[in-house]
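One structure below.
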Amino acid sequence: MPQAGKSTDFGFERVPLEDKQALVDDVFHSVARRYDLMNDLMSGGLHRAWKDALVTAINPPKARPGGHTDKIERTFHLLDIAGGTGDIALRTIAAGGASTRATVIDINADMLAVGRARAAERGVDDAVAFVEGNAETLPFPARSYDAVTIAFGIRNVPRIETALAEAHRVLRFGGQFLCLEFSAVDVPGLDTLYDFYSFNVIPALGSAVAGDADAYRYLVESIRRFPRPEAFAEMMRCAGFARVSYQRMSGGIVALHSGWRL
Ligand code: SAM
């Protein structure tokens, strides 16, 4: 329901809260086809290492021959929120094997279409479901997932507290929530370089490769507006997560937050 008078950040702009989602949707409709290529170009392939760290933290039980797993003998089910083109889901399935299933939910049909095609190419379309939906109103029953993740997605969601509460609701007791997101670089020297790269090189790359400099300007600006790691950890605690912790990677370019439903 629209909240009259409330505003929020869309990059460096202030916009009415109820307008943000449509603006974000325009960004991802525009870049969907080039999204994965741009990730590699912008990060020099580093996003793969960050995502590997996330999948290692998810630690899906490995299937053993005969269908048994080293931890439990039932299916491990991941929900990846704002999962876009399915990168986290596909990596988790590759790591866990036959006993792992994933559901990707994303508000953007174009991003999901790229993900569906990737899953089919890899022959894992039976193991992953792509669902169009909003992180703020997840269409899933309470306590239905073993792990819930969101990678580079939460800063795009207008009502972050609502999305965190939803992630907590759908997680089973004993399940882990992991959030991978760009963060704040605190290393002297690296911060200046990172700012130069972010505000000059990335929009230029966005223009050359995805045909949309503004979309990538928004992505860079939205990173600067996202709460610092401790503030985000506190938001997770407020949403009900326990044992909240985080690790910063690559000089603080990204942070991986973890919390549990106990
Ligand atoms: N998680 C993917 C990855 O790591 O490659 C995609 C991240 S992409 C930067 C952000 C994604 O968030 C987009 O696919 C966008 O459509 C999605 N998104 C934005 N707002 C959303 C919302 N309210 N609910 C669900 N997905 C949302």
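Chain lettering (A, B, ...) mirrors the order of the structure tokens, residue numbering begins at 1 for each chain separately, and ligand numbering begins at 1 in order of display.
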task: Assign secondary structure with DSSP using the backbone only, and return the residues of segment 81-262 of chain A in alpha helix (DSSP H) as a count of residues only.
output: 68
message: What does the list of residues within 7 Å of ligand 1 look like if you count only C-alpha atoms and all ligand atoms, written as a PyMOL selection string?
response: chain A and resi 21+24-25+28+81-88+105-108+111+133-136+150-153+156-158
Could the residues of segment 150-259 of chain A that have an atom at most 12 Å from segment 35-50 of chain A be listed as a tab-separated table, each with its closest atom pair and the distance in Å to one decimal, counting only C-alpha atoms and ordered by chain and ascending residue number?
```
residue	atom	partner	partner_atom	distance
A:Ala151	CA	A:Trp50	CA	9.6
A:Phe152	CA	A:His47	CA	10.1
A:Cys179	CA	A:Trp50	CA	11.2
A:Leu180	CA	A:Trp50	CA	7.9
A:Glu181	CA	A:Trp50	CA	9.5
A:Phe182	CA	A:Trp50	CA	10.2
A:Tyr194	CA	A:Ser43	CA	11.1
A:Tyr197	CA	A:Met42	CA	9.3
A:Ser198	CA	A:Met42	CA	9.0
A:Phe199	CA	A:Met42	CA	11.8
A:Asn200	CA	A:Met42	CA	11.6
A:Val201	CA	A:Met42	CA	8.4
A:Ile202	CA	A:Met42	CA	6.4
A:Pro203	CA	A:Met42	CA	9.7
A:Ala204	CA	A:Met42	CA	10.4
A:Leu205	CA	A:Met42	CA	7.5
A:Gly206	CA	A:Met38	CA	7.4
A:Ser207	CA	A:Met38	CA	10.6
A:Ala208	CA	A:Met38	CA	10.2
A:Val209	CA	A:Met38	CA	7.2
A:Ala210	CA	A:Met38	CA	7.5
A:Gly211	CA	A:Met38	CA	11.0
A:Asp212	CA	A:Tyr35	CA	11.3
A:Ala213	CA	A:Met38	CA	11.8
A:Ala215	CA	A:Tyr35	CA	10.9
A:Tyr216	CA	A:Met38	CA	9.7
A:Leu219	CA	A:Met42	CA	11.5
A:Val220	CA	A:Met42	CA	11.0
A:Gln247	CA	A:Trp50	CA	11.0
A:Arg248	CA	A:Trp50	CA	10.1
A:Met249	CA	A:Trp50	CA	7.6
A:Ser250	CA	A:Trp50	CA	8.8
A:Gly252	CA	A:Trp50	CA	11.6
A:Ile253	CA	A:Trp50	CA	10.1
A:Val254	CA	A:Trp50	CA	7.8
A:Ala255	CA	A:Trp50	CA	8.9
A:Leu256	CA	A:Trp50	CA	8.5
```
Go ahead and save the picked residues with N, CA, C and O atoms, as a short mmCIF file (atom, residue, chain, number, x, y, z; two decimals), in the first residue's frame.
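Result file out.cif:
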```
data_model
loop_
_atom_site.label_atom_id
_atom_site.label_comp_id
_atom_site.auth_asym_id
_atom_site.auth_seq_id
_atom_site.Cartn_x
_atom_site.Cartn_y
_atom_site.Cartn_z
N ALA A 151 21.71 -11.63 -3.27
CA ALA A 151 23.03 -11.16 -3.70
C ALA A 151 22.87 -9.93 -4.57
O ALA A 151 22.20 -9.98 -5.61
N PHE A 152 23.45 -8.86 -4.14
CA PHE A 152 23.43 -7.58 -4.87
C PHE A 152 22.00 -7.16 -5.21
O PHE A 152 21.76 -6.51 -6.22
N CYS A 179 23.39 -12.51 2.95
CA CYS A 179 23.20 -11.36 2.07
C CYS A 179 24.57 -10.89 1.58
O CYS A 179 25.43 -10.52 2.38
N LEU A 180 24.75 -10.94 0.27
CA LEU A 180 25.99 -10.44 -0.34
C LEU A 180 25.64 -9.09 -0.96
O LEU A 180 24.69 -8.99 -1.74
N GLU A 181 26.40 -8.07 -0.60
CA GLU A 181 26.06 -6.73 -1.13
C GLU A 181 27.32 -5.87 -1.19
O GLU A 181 28.26 -6.08 -0.42
N PHE A 182 27.31 -4.93 -2.12
CA PHE A 182 28.39 -3.95 -2.14
C PHE A 182 28.39 -3.18 -0.84
O PHE A 182 27.34 -2.98 -0.23
N TYR A 194 38.71 3.49 -6.21
CA TYR A 194 37.40 2.85 -6.36
C TYR A 194 36.35 3.89 -6.78
O TYR A 194 35.52 3.63 -7.65
N TYR A 197 36.97 4.82 -10.42
CA TYR A 197 36.53 3.72 -11.28
C TYR A 197 35.00 3.68 -11.34
O TYR A 197 34.40 3.56 -12.41
N SER A 198 34.37 3.79 -10.17
CA SER A 198 32.92 3.65 -10.09
C SER A 198 32.19 4.74 -10.88
O SER A 198 31.25 4.46 -11.60
N PHE A 199 32.64 5.98 -10.69
CA PHE A 199 31.87 7.09 -11.26
C PHE A 199 32.28 7.44 -12.69
O PHE A 199 31.57 8.17 -13.37
N ASN A 200 33.42 6.90 -13.15
CA ASN A 200 33.86 7.22 -14.51
C ASN A 200 33.84 5.99 -15.42
O ASN A 200 33.19 5.99 -16.46
N VAL A 201 34.53 4.94 -14.97
CA VAL A 201 34.69 3.78 -15.86
C VAL A 201 33.39 2.99 -15.97
O VAL A 201 32.98 2.60 -17.07
N ILE A 202 32.71 2.76 -14.85
CA ILE A 202 31.53 1.88 -14.90
C ILE A 202 30.41 2.47 -15.77
O ILE A 202 29.89 1.76 -16.65
N PRO A 203 30.03 3.74 -15.61
CA PRO A 203 29.00 4.27 -16.52
C PRO A 203 29.44 4.21 -17.99
O PRO A 203 28.62 3.94 -18.87
N ALA A 204 30.74 4.43 -18.25
CA ALA A 204 31.22 4.38 -19.64
C ALA A 204 31.09 2.95 -20.17
O ALA A 204 30.65 2.73 -21.32
N LEU A 205 31.46 1.98 -19.35
CA LEU A 205 31.29 0.57 -19.75
C LEU A 205 29.81 0.25 -19.97
O LEU A 205 29.44 -0.44 -20.92
N GLY A 206 28.98 0.77 -19.07
CA GLY A 206 27.53 0.54 -19.18
C GLY A 206 26.99 1.07 -20.49
O GLY A 206 26.15 0.44 -21.14
N SER A 207 27.52 2.21 -20.88
CA SER A 207 27.08 2.81 -22.13
C SER A 207 27.56 1.98 -23.31
O SER A 207 26.80 1.66 -24.23
N ALA A 208 28.84 1.57 -23.28
CA ALA A 208 29.42 0.86 -24.42
C ALA A 208 28.85 -0.56 -24.57
O ALA A 208 28.59 -1.01 -25.68
N VAL A 209 28.65 -1.23 -23.45
CA VAL A 209 28.29 -2.65 -23.53
C VAL A 209 26.79 -2.88 -23.41
O VAL A 209 26.21 -3.69 -24.13
N ALA A 210 26.14 -2.17 -22.50
CA ALA A 210 24.71 -2.40 -22.28
C ALA A 210 23.86 -1.28 -22.88
O ALA A 210 22.63 -1.34 -22.82
N GLY A 211 24.52 -0.26 -23.43
CA GLY A 211 23.78 0.84 -24.06
C GLY A 211 23.03 1.70 -23.06
O GLY A 211 22.05 2.35 -23.42
N ASP A 212 23.47 1.72 -21.80
CA ASP A 212 22.73 2.47 -20.79
C ASP A 212 23.68 2.93 -19.67
O ASP A 212 23.89 2.20 -18.68
N ALA A 213 24.22 4.13 -19.83
CA ALA A 213 25.12 4.66 -18.79
C ALA A 213 24.35 4.98 -17.51
O ALA A 213 24.84 4.77 -16.40
N ALA A 215 21.77 3.56 -16.16
CA ALA A 215 21.49 2.37 -15.35
C ALA A 215 22.69 2.08 -14.45
O ALA A 215 22.55 1.81 -13.25
N TYR A 216 23.88 2.16 -15.02
CA TYR A 216 25.07 1.82 -14.24
C TYR A 216 25.46 2.96 -13.29
O TYR A 216 26.05 2.71 -12.24
N LEU A 219 23.41 2.17 -10.35
CA LEU A 219 23.95 1.04 -9.57
C LEU A 219 25.09 1.52 -8.67
O LEU A 219 25.17 1.17 -7.50
N VAL A 220 25.95 2.37 -9.22
CA VAL A 220 27.08 2.90 -8.45
C VAL A 220 26.58 3.79 -7.30
O VAL A 220 27.02 3.68 -6.15
N GLN A 247 31.40 -10.57 7.01
CA GLN A 247 32.80 -10.49 6.61
C GLN A 247 32.90 -9.55 5.42
O GLN A 247 32.04 -9.54 4.54
N ARG A 248 33.92 -8.73 5.47
CA ARG A 248 34.14 -7.81 4.35
C ARG A 248 35.15 -8.46 3.42
O ARG A 248 36.07 -9.14 3.87
N MET A 249 34.97 -8.21 2.14
CA MET A 249 35.88 -8.80 1.16
C MET A 249 36.42 -7.71 0.24
O MET A 249 35.76 -6.68 0.03
N SER A 250 37.60 -7.95 -0.31
CA SER A 250 38.22 -7.05 -1.28
C SER A 250 38.27 -5.61 -0.76
O SER A 250 37.83 -4.67 -1.44
N GLY A 252 36.58 -4.20 1.47
CA GLY A 252 35.27 -3.62 1.83
C GLY A 252 34.40 -3.34 0.61
O GLY A 252 33.29 -2.81 0.76
N ILE A 253 34.87 -3.71 -0.57
CA ILE A 253 34.02 -3.49 -1.76
C ILE A 253 32.69 -4.23 -1.59
O ILE A 253 31.63 -3.71 -1.92
N VAL A 254 32.78 -5.42 -1.04
CA VAL A 254 31.53 -6.14 -0.73
C VAL A 254 31.56 -6.64 0.71
O VAL A 254 32.63 -6.77 1.32
N ALA A 255 30.37 -6.92 1.24
CA ALA A 255 30.25 -7.54 2.56
C ALA A 255 29.28 -8.71 2.44
O ALA A 255 28.29 -8.63 1.70
N LEU A 256 29.61 -9.77 3.16
CA LEU A 256 28.72 -10.93 3.21
C LEU A 256 28.17 -11.02 4.64
O LEU A 256 28.93 -11.26 5.58
#
```
- prompt: DSSP says strand (DSSP E) for which residues of segment 74-197 of chain A? Put them as a ChimeraX atom specification?
  reply: /A:76-81,100-106,128-132,145-151,171-182
message: As an exercise, work out the distance from atom CA of Arg159 of chain A to atom CA of Ala184 of chain A in Å and give it to one decimal place.
response: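 Atom-to-atom, atom CA of Arg159 of chain A and atom CA of Ala184 of chain A are spaced 20.7 Å apart.
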message: I'd like the interatomic distance between atom CA of Thr75 of chain A and atom CA of Met236 of chain A, to a tenth of an Å.
response: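 It comes out at 26.7 Å.
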message: I'd like the neighbourhood of Arg116 of chain A as an MDAnalysis selection string, where a residue qualifies if any of its atoms comes within 9 Å (using only C-alpha atoms), though same-chain residues fewer than 4 positions away should be ignored.
response: chainID A and resid 85:86 111:112 120:121 125 128:130
Any chance you can output those residues with all heavy atoms as an mmCIF file, in the first residue's frame?
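Saved result, again_8.cif, follows:
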```
data_model
loop_
_atom_site.group_PDB
_atom_site.id
_atom_site.type_symbol
_atom_site.label_atom_id
_atom_site.label_comp_id
_atom_site.auth_asym_id
_atom_site.auth_seq_id
_atom_site.Cartn_x
_atom_site.Cartn_y
_atom_site.Cartn_z
ATOM 1 N N THR A 85 19.386 -13.455 -12.947
ATOM 2 C CA THR A 85 19.707 -14.422 -13.999
ATOM 3 C C THR A 85 20.147 -15.777 -13.421
ATOM 4 O O THR A 85 20.692 -16.605 -14.153
ATOM 5 C CB THR A 85 20.803 -13.865 -14.926
ATOM 6 O OG1 THR A 85 21.964 -13.587 -14.130
ATOM 7 C CG2 THR A 85 20.359 -12.579 -15.606
ATOM 8 N N GLY A 86 19.930 -15.977 -12.141
ATOM 9 C CA GLY A 86 20.084 -17.309 -11.556
ATOM 10 C C GLY A 86 21.489 -17.703 -11.145
ATOM 11 O O GLY A 86 21.735 -18.871 -10.816
ATOM 12 N N MET A 111 15.052 -10.484 -16.467
ATOM 13 C CA MET A 111 16.188 -11.119 -15.779
ATOM 14 C C MET A 111 15.901 -12.620 -15.612
ATOM 15 O O MET A 111 16.775 -13.463 -15.847
ATOM 16 C CB MET A 111 16.422 -10.473 -14.408
ATOM 17 C CG MET A 111 16.848 -9.018 -14.451
ATOM 18 S SD MET A 111 18.542 -8.772 -15.021
ATOM 19 C CE MET A 111 19.492 -9.104 -13.546
ATOM 20 N N LEU A 112 14.670 -12.952 -15.234
ATOM 21 C CA LEU A 112 14.313 -14.364 -15.032
ATOM 22 C C LEU A 112 14.405 -15.147 -16.342
ATOM 23 O O LEU A 112 14.825 -16.310 -16.348
ATOM 24 C CB LEU A 112 12.890 -14.468 -14.470
ATOM 25 C CG LEU A 112 12.715 -13.966 -13.031
ATOM 26 C CD1 LEU A 112 11.229 -13.877 -12.680
ATOM 27 C CD2 LEU A 112 13.429 -14.883 -12.036
ATOM 28 N N ALA A 120 18.396 -24.102 -18.543
ATOM 29 C CA ALA A 120 18.108 -25.112 -19.574
ATOM 30 C C ALA A 120 19.395 -25.515 -20.289
ATOM 31 O O ALA A 120 19.653 -26.707 -20.502
ATOM 32 C CB ALA A 120 17.088 -24.557 -20.565
ATOM 33 N N GLU A 121 20.230 -24.523 -20.617
ATOM 34 C CA GLU A 121 21.516 -24.817 -21.283
ATOM 35 C C GLU A 121 22.361 -25.777 -20.470
ATOM 36 O O GLU A 121 23.059 -26.624 -20.993
ATOM 37 C CB GLU A 121 22.331 -23.522 -21.401
ATOM 38 C CG GLU A 121 22.285 -22.850 -22.736
ATOM 39 C CD GLU A 121 22.879 -21.452 -22.622
ATOM 40 O OE1 GLU A 121 23.872 -21.264 -21.887
ATOM 41 O OE2 GLU A 121 22.291 -20.536 -23.248
ATOM 42 N N ASP A 125 17.328 -27.476 -15.430
ATOM 43 C CA ASP A 125 16.047 -26.769 -15.285
ATOM 44 C C ASP A 125 15.074 -27.489 -14.361
ATOM 45 O O ASP A 125 14.153 -26.864 -13.824
ATOM 46 C CB ASP A 125 15.414 -26.421 -16.636
ATOM 47 C CG ASP A 125 15.676 -27.426 -17.722
ATOM 48 O OD1 ASP A 125 16.527 -28.303 -17.528
ATOM 49 O OD2 ASP A 125 15.015 -27.337 -18.767
ATOM 50 N N VAL A 128 15.722 -26.134 -10.627
ATOM 51 C CA VAL A 128 15.545 -24.722 -10.260
ATOM 52 C C VAL A 128 14.233 -24.169 -10.806
ATOM 53 O O VAL A 128 13.874 -24.426 -11.954
ATOM 54 C CB VAL A 128 16.774 -23.873 -10.695
ATOM 55 C CG1 VAL A 128 17.079 -24.018 -12.159
ATOM 56 C CG2 VAL A 128 16.608 -22.406 -10.343
ATOM 57 N N ALA A 129 13.530 -23.447 -9.940
ATOM 58 C CA ALA A 129 12.277 -22.809 -10.363
ATOM 59 C C ALA A 129 12.498 -21.308 -10.389
ATOM 60 O O ALA A 129 13.156 -20.757 -9.488
ATOM 61 C CB ALA A 129 11.173 -23.160 -9.378
ATOM 62 N N PHE A 130 11.966 -20.654 -11.399
ATOM 63 C CA PHE A 130 12.085 -19.198 -11.516
ATOM 64 C C PHE A 130 10.699 -18.596 -11.306
ATOM 65 O O PHE A 130 9.768 -18.924 -12.044
ATOM 66 C CB PHE A 130 12.648 -18.817 -12.888
ATOM 67 C CG PHE A 130 14.104 -19.170 -13.048
ATOM 68 C CD1 PHE A 130 14.476 -20.430 -13.512
ATOM 69 C CD2 PHE A 130 15.104 -18.264 -12.717
ATOM 70 C CE1 PHE A 130 15.822 -20.762 -13.646
ATOM 71 C CE2 PHE A 130 16.443 -18.591 -12.851
ATOM 72 C CZ PHE A 130 16.806 -19.848 -13.312
#
```
- request: Quick one: everything within 6 Å of His257 of chain A, counting only C-alpha atoms, minus sequence neighbours fewer than 2 positions away in the same chain. Send it as a list in words.
  value: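 Here the answer would be Leu178, Cys179, Ser245 and Tyr246 of chain A.
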Selection to disk with all heavy atoms, as an mmCIF file, in the first residue's frame:
```cif
data_model
loop_
_atom_site.group_PDB
_atom_site.id
_atom_site.type_symbol
_atom_site.label_atom_id
_atom_site.label_comp_id
_atom_site.auth_asym_id
_atom_site.auth_seq_id
_atom_site.Cartn_x
_atom_site.Cartn_y
_atom_site.Cartn_z
ATOM 1 N N LEU A 178 21.755 -15.359 4.087
ATOM 2 C CA LEU A 178 23.021 -14.745 3.681
ATOM 3 C C LEU A 178 22.759 -13.626 2.702
ATOM 4 O O LEU A 178 21.981 -13.802 1.751
ATOM 5 C CB LEU A 178 23.919 -15.795 3.022
ATOM 6 C CG LEU A 178 24.487 -16.824 4.005
ATOM 7 C CD1 LEU A 178 24.703 -18.162 3.323
ATOM 8 C CD2 LEU A 178 25.782 -16.319 4.624
ATOM 9 N N CYS A 179 23.389 -12.514 2.946
ATOM 10 C CA CYS A 179 23.201 -11.361 2.065
ATOM 11 C C CYS A 179 24.567 -10.892 1.577
ATOM 12 O O CYS A 179 25.429 -10.516 2.379
ATOM 13 C CB CYS A 179 22.506 -10.232 2.824
ATOM 14 S SG CYS A 179 22.371 -8.722 1.844
ATOM 15 N N SER A 245 26.461 -11.940 11.755
ATOM 16 C CA SER A 245 27.885 -11.620 11.594
ATOM 17 C C SER A 245 28.109 -11.183 10.149
ATOM 18 O O SER A 245 27.221 -11.343 9.308
ATOM 19 C CB SER A 245 28.753 -12.841 11.899
ATOM 20 O OG SER A 245 28.444 -13.873 10.993
ATOM 21 N N TYR A 246 29.272 -10.625 9.903
ATOM 22 C CA TYR A 246 29.574 -10.274 8.514
ATOM 23 C C TYR A 246 31.062 -10.324 8.262
ATOM 24 O O TYR A 246 31.860 -10.202 9.180
ATOM 25 C CB TYR A 246 29.008 -8.895 8.126
ATOM 26 C CG TYR A 246 29.488 -7.748 8.964
ATOM 27 C CD1 TYR A 246 30.671 -7.076 8.668
ATOM 28 C CD2 TYR A 246 28.754 -7.331 10.076
ATOM 29 C CE1 TYR A 246 31.104 -6.013 9.443
ATOM 30 C CE2 TYR A 246 29.193 -6.270 10.860
ATOM 31 C CZ TYR A 246 30.366 -5.616 10.532
ATOM 32 O OH TYR A 246 30.800 -4.567 11.298
#
```
message: What's the separation between atom CA of Gln176 of chain A and atom CA of Gly259 of chain A, in Å to one decimal place?
response: 5.8 Å
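Distances to Gly189 of chain A were evaluated for A:Glu166, A:Gly251, A:Ala57, A:Thr92 using only C-alpha atoms, and the minimum falls at A:Gly251.
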